[in-house]
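Here is protein.txt, consisting of compact mmCIF, C-alpha atoms:
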# COMPACT_ATOMS: atom_id res chain seq x y z
CA MET A 1 8.67 19.04 7.58
CA GLU A 2 9.87 17.72 4.23
CA THR A 3 7.87 18.34 1.05
CA TRP A 4 7.04 14.65 0.59
CA GLN A 5 5.46 14.55 4.05
CA LYS A 6 3.27 17.56 3.24
CA ASN A 7 2.28 16.04 -0.10
CA LEU A 8 1.35 12.71 1.50
CA GLN A 9 -0.69 14.45 4.19
CA ASN A 10 -2.75 16.08 1.42
CA TRP A 11 -4.34 12.69 0.73
CA GLY A 12 -6.43 13.30 3.85
CA LYS A 13 -8.20 16.11 1.97
CA VAL A 14 -9.35 13.92 -0.94
CA PRO A 15 -13.19 13.69 -0.81
CA PHE A 16 -13.57 9.90 -0.78
CA ILE A 17 -10.89 9.59 1.91
CA LYS A 18 -12.57 12.24 4.05
CA GLN A 19 -15.82 10.30 3.71
CA LEU A 20 -14.12 6.98 4.54
CA ILE A 21 -12.63 8.46 7.70
CA LYS A 22 -16.00 9.94 8.66
CA LYS A 23 -17.86 6.66 8.03
CA PHE A 24 -15.23 4.48 9.76
CA PRO A 25 -13.56 6.72 12.38
CA LYS A 26 -11.70 3.81 14.00
CA ALA A 27 -10.28 2.51 10.72
CA ASP A 28 -6.62 2.89 9.81
CA LEU A 29 -5.90 4.05 6.26
CA PHE A 30 -2.47 3.80 4.68
CA LEU A 31 -0.95 4.73 1.33
CA VAL A 32 1.61 1.97 0.75
CA GLY A 33 4.47 0.80 -1.41
CA GLY A 34 5.57 2.44 -4.62
CA ALA A 35 3.50 5.61 -4.24
CA VAL A 36 5.21 6.39 -0.94
CA ARG A 37 8.64 5.57 -2.37
CA ASP A 38 8.04 7.71 -5.46
CA GLU A 39 6.73 10.66 -3.43
CA ILE A 40 9.86 10.60 -1.26
CA LEU A 41 12.00 10.55 -4.42
CA GLY A 42 9.98 13.43 -5.88
CA ARG A 43 8.76 11.27 -8.76
CA GLU A 44 5.33 11.29 -10.30
CA THR A 45 3.45 8.03 -9.92
CA LYS A 46 0.27 6.52 -11.31
CA ASP A 47 0.29 3.50 -9.03
CA PHE A 48 -1.67 4.24 -5.87
CA ASP A 49 -2.21 1.42 -3.39
CA PHE A 50 -4.07 1.81 -0.11
CA VAL A 51 -4.51 -0.57 2.80
CA VAL A 52 -7.54 -0.18 5.09
CA ARG A 53 -7.51 -1.84 8.53
CA GLY A 54 -10.46 -2.25 10.82
CA VAL A 55 -13.21 -2.43 8.16
CA SER A 56 -14.72 -5.67 6.87
CA LYS A 57 -14.50 -6.50 3.17
CA ASN A 58 -18.29 -6.23 2.76
CA ASP A 59 -18.53 -2.88 4.57
CA LEU A 60 -15.62 -1.49 2.57
CA GLN A 61 -17.14 -2.65 -0.72
CA LYS A 62 -20.53 -1.10 0.13
CA PHE A 63 -18.90 2.18 1.12
CA LEU A 64 -16.71 2.38 -2.00
CA ALA A 65 -19.78 1.75 -4.20
CA THR A 66 -21.30 4.97 -2.81
CA GLN A 67 -18.13 6.88 -3.72
CA GLY A 68 -17.48 5.69 -7.27
CA LYS A 69 -16.94 2.62 -9.41
CA VAL A 70 -15.62 -0.41 -7.56
CA ASP A 71 -14.62 -3.91 -8.68
CA LEU A 72 -13.58 -6.67 -6.31
CA VAL A 73 -10.66 -8.21 -8.18
CA GLY A 74 -9.52 -10.55 -5.45
CA LYS A 75 -12.39 -12.15 -3.55
CA LYS A 76 -10.09 -14.33 -1.48
CA PHE A 77 -7.67 -11.56 -0.61
CA GLY A 78 -9.83 -8.43 -0.52
CA VAL A 79 -8.44 -6.14 -3.23
CA PHE A 80 -10.65 -3.54 -4.90
CA LYS A 81 -10.03 -1.58 -8.09
CA PHE A 82 -11.63 1.77 -7.37
CA LYS A 83 -12.32 4.89 -9.43
CA PRO A 84 -13.77 7.70 -7.26
CA LYS A 85 -16.51 9.97 -8.64
CA ASP A 86 -15.10 13.04 -10.38
CA TRP A 87 -11.61 11.50 -10.29
CA LYS A 88 -9.28 12.46 -13.12
CA GLY A 89 -6.65 9.86 -12.28
CA LEU A 90 -6.44 6.16 -12.97
CA GLU A 91 -8.06 3.43 -10.90
CA ILE A 92 -6.49 2.91 -7.51
CA ASP A 93 -6.12 -0.28 -5.49
CA ILE A 94 -7.67 -0.48 -2.05
CA ALA A 95 -6.98 -3.63 -0.06
CA LEU A 96 -7.44 -5.16 3.32
CA PRO A 97 -4.18 -6.07 5.07
CA ARG A 98 -2.99 -9.46 3.88
CA THR A 99 -0.37 -12.11 4.19
CA GLU A 100 1.01 -14.25 1.41
CA HIS A 101 3.04 -17.42 1.58
CA SER A 102 4.79 -19.17 -1.27
CA ILE A 103 3.25 -22.60 -1.72
CA ASN A 104 6.13 -24.45 -3.34
CA LEU A 105 8.98 -21.97 -3.98
CA SER A 106 8.75 -22.55 -7.74
CA GLY A 107 9.55 -18.93 -8.47
CA ALA A 108 6.21 -18.43 -10.21
CA TYR A 109 4.31 -15.39 -8.98
CA LYS A 110 0.98 -17.27 -8.91
CA ASP A 111 2.26 -19.91 -6.46
CA PHE A 112 1.16 -17.93 -3.41
CA LYS A 113 -1.47 -18.51 -0.79
CA ILE A 114 -2.96 -15.11 0.04
CA LYS A 115 -5.24 -14.31 2.96
CA SER A 116 -6.74 -10.99 3.98
CA ASN A 117 -7.50 -10.00 7.55
CA ALA A 118 -8.98 -6.60 8.44
CA LYS A 119 -7.33 -6.81 11.89
CA LEU A 120 -3.81 -7.64 10.66
CA LYS A 121 -1.17 -5.10 11.70
CA ILE A 122 0.17 -2.95 8.88
CA GLU A 123 3.71 -4.12 9.72
CA ASP A 124 2.65 -7.71 8.99
CA ASP A 125 1.18 -6.66 5.65
CA LEU A 126 4.37 -4.77 4.77
CA SER A 127 6.57 -7.76 5.67
CA ARG A 128 5.28 -9.71 2.64
CA ARG A 129 6.68 -7.15 0.18
CA ASP A 130 9.81 -7.60 -1.90
CA PHE A 131 12.25 -4.77 -1.06
CA THR A 132 12.61 -2.45 1.93
CA ILE A 133 12.04 0.61 -0.29
CA ASN A 134 8.56 -0.79 -1.01
CA THR A 135 7.68 -1.53 2.62
CA MET A 136 6.92 2.02 3.67
CA ALA A 137 3.38 3.12 4.49
CA PHE A 138 1.98 6.56 5.22
CA GLN A 139 -0.87 6.57 7.72
CA ILE A 140 -3.32 9.01 6.18
CA ALA A 141 -6.13 8.76 8.73
CA LYS A 142 -3.74 9.58 11.58
CA SER A 143 -2.19 12.52 9.76
CA TYR A 144 -5.64 13.83 8.84
CA GLU A 145 -7.14 13.50 12.32
CA LEU A 146 -4.18 14.45 14.48
CA LYS A 147 -2.20 16.70 12.11
CA ALA A 148 0.86 14.63 12.97
CA LYS A 149 4.28 15.85 11.82
CA SER A 150 5.04 12.48 10.26
CA SER A 151 2.99 9.36 9.92
CA LEU A 152 5.52 7.24 8.05
CA ILE A 153 5.50 3.56 9.02
CA ASP A 154 8.90 2.12 8.09
CA PRO A 155 9.54 -1.19 9.90
CA PHE A 156 12.32 -2.32 7.54
CA ASP A 157 14.28 0.96 7.25
CA GLY A 158 13.23 1.58 3.65
CA LEU A 159 13.70 5.34 3.98
CA ALA A 160 17.34 4.92 5.02
CA ASP A 161 17.92 2.45 2.17
CA LEU A 162 16.26 4.81 -0.30
CA LYS A 163 18.48 7.70 0.81
CA LYS A 164 21.59 5.49 0.49
CA GLY A 165 20.50 4.09 -2.89
CA ILE A 166 20.37 0.53 -1.53
CA ILE A 167 18.00 -2.11 -2.82
CA ARG A 168 17.64 -4.69 -0.06
CA ALA A 169 15.26 -7.65 0.11
CA VAL A 170 12.89 -7.98 3.05
CA GLY A 171 14.08 -10.96 5.07
CA ASN A 172 16.30 -13.59 3.51
CA PRO A 173 17.13 -12.51 -0.09
CA ALA A 174 17.51 -16.08 -1.38
CA SER A 175 14.06 -16.97 -0.05
CA ARG A 176 12.48 -13.81 -1.48
CA PHE A 177 13.87 -14.51 -4.95
CA LYS A 178 12.87 -18.20 -4.81
CA GLU A 179 9.30 -17.10 -4.05
CA ASP A 180 9.14 -15.02 -7.22
CA TYR A 181 11.97 -14.92 -9.75
CA SER A 182 10.64 -11.71 -11.32
CA ARG A 183 11.88 -9.91 -8.20
CA ILE A 184 15.41 -10.17 -9.61
CA LEU A 185 14.30 -8.16 -12.65
CA ARG A 186 12.49 -5.67 -10.42
CA ALA A 187 15.70 -5.16 -8.42
CA ILE A 188 17.63 -4.45 -11.62
CA ARG A 189 14.94 -2.01 -12.81
CA PHE A 190 14.95 -0.18 -9.47
CA ALA A 191 18.77 0.02 -9.55
CA CYS A 192 18.67 1.55 -13.04
CA GLN A 193 16.07 4.09 -11.99

Could you take the file, read its structure, and then write that structure out as structure tokens?
Amino acid sequence: METWQKNLQNWGKVPFIKQLIKKFPKADLFLVGGAVRDEILGRETKDFDFVVRGVSKNDLQKFLATQGKVDLVGKKFGVFKFKPKDWKGLEIDIALPRTEHSINLSGAYKDFKIKSNAKLKIEDDLSRRDFTINTMAFQIAKSYELKAKSSLIDPFDGLADLKKGIIRAVGNPASRFKEDYSRILRAIRFACQ
């Protein structure tokens, strides 16, 4: 097993995650996006994003309030800023799975219709992201419960692209960039890094 896999599995030992899994044993919990990418690259990150499936927004909010400070920053799309008790790190984002659709392809980031759905498949949530290297998710609950060798969800071959040093848009590149022009700058930044 590679070091990054071992490090990602350690998230299952974090107290608030252990409690979440105990409280909602049928929920799916994923670390997603940049944190997974950075762990694979062996980089330190301060940007931790989680997606929780199978738990309602209200139940998740009530649970998180027992575990630390929680702010619902996106009522319509179910995103929480969360700081666990006795946590030395920064706030983390915990979200329900969601879809987003560009309303008018103006290139402005705010021109999106976003909808959360606790039952949405993680692959559908990942498909809304910009680049394949940001579409990887690590299923923490599964790795914690089953001690799986690998719980990487990678529907767009982000791991292969990362290893090859390729930055590839999810879906049609022209459409992705028309949705949000800042993605062009993100691609350049990723290439430089």

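If you measure from each of A:Gly68, A:Gly33, A:Gly42, A:Pro15 to A:Asp125 using only C-alpha atoms, the closest one turns out to be A:Gly33.
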
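Distances to A:Ile133 were evaluated for A:Val70, A:Ile167, A:Val14, A:Leu185 using only C-alpha atoms, and the minimum falls at A:Ile167.
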
### Spatial neighbours of A:Val79, max dist 12 Å, all atoms listed in the file, sep filter under 3 positions, as a PyMOL selection string
chain A and resi 49-52+56-58+60-61+64+70-76+82+92-98+114-118

### Task
Compile the contact shell of A:Leu152 as an NGL selection string: residues with an atom at most 8 Å away, counting all atoms listed in the file, same-chain residues fewer than 4 positions apart removed.
:A and (136-139)

### Query
Any idea what's packed within 9 Å of stretch 26-32 of chain A, counting all atoms listed in the file, ignoring anything in its chain fewer than 2 positions away? Could you give it as a ChimeraX atom specification?
/A:8,11,17,20-21,24,34-37,48-55,122,126,134-142

### Nearest candidate to A:Asp161 (options A:Lys23, A:Cys192, A:Arg128, A:Ile40; using all atoms listed in the file)
A:Ile40

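Rounded to one decimal, atom CA of A:Thr66 and atom CA of A:Leu120 lie 25.4 Å from each other.
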
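Taking all atoms listed in the file into account, A:Arg129 lies nearest to A:Arg176 out of the set A:Glu91, A:Arg176, A:Gln9, A:Lys163.
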
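Residue nearest A:Ala187 within the list A:Leu41, A:Leu159, A:Ala174, A:Ile166: A:Ile166 [criterion: smallest interatomic distance, only C-alpha atoms].
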
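Proximity ranking of A:Phe131, A:Gly171, A:Thr99, A:Asp154 relative to A:Ile184 places A:Phe131 first, based on all atoms listed in the file.
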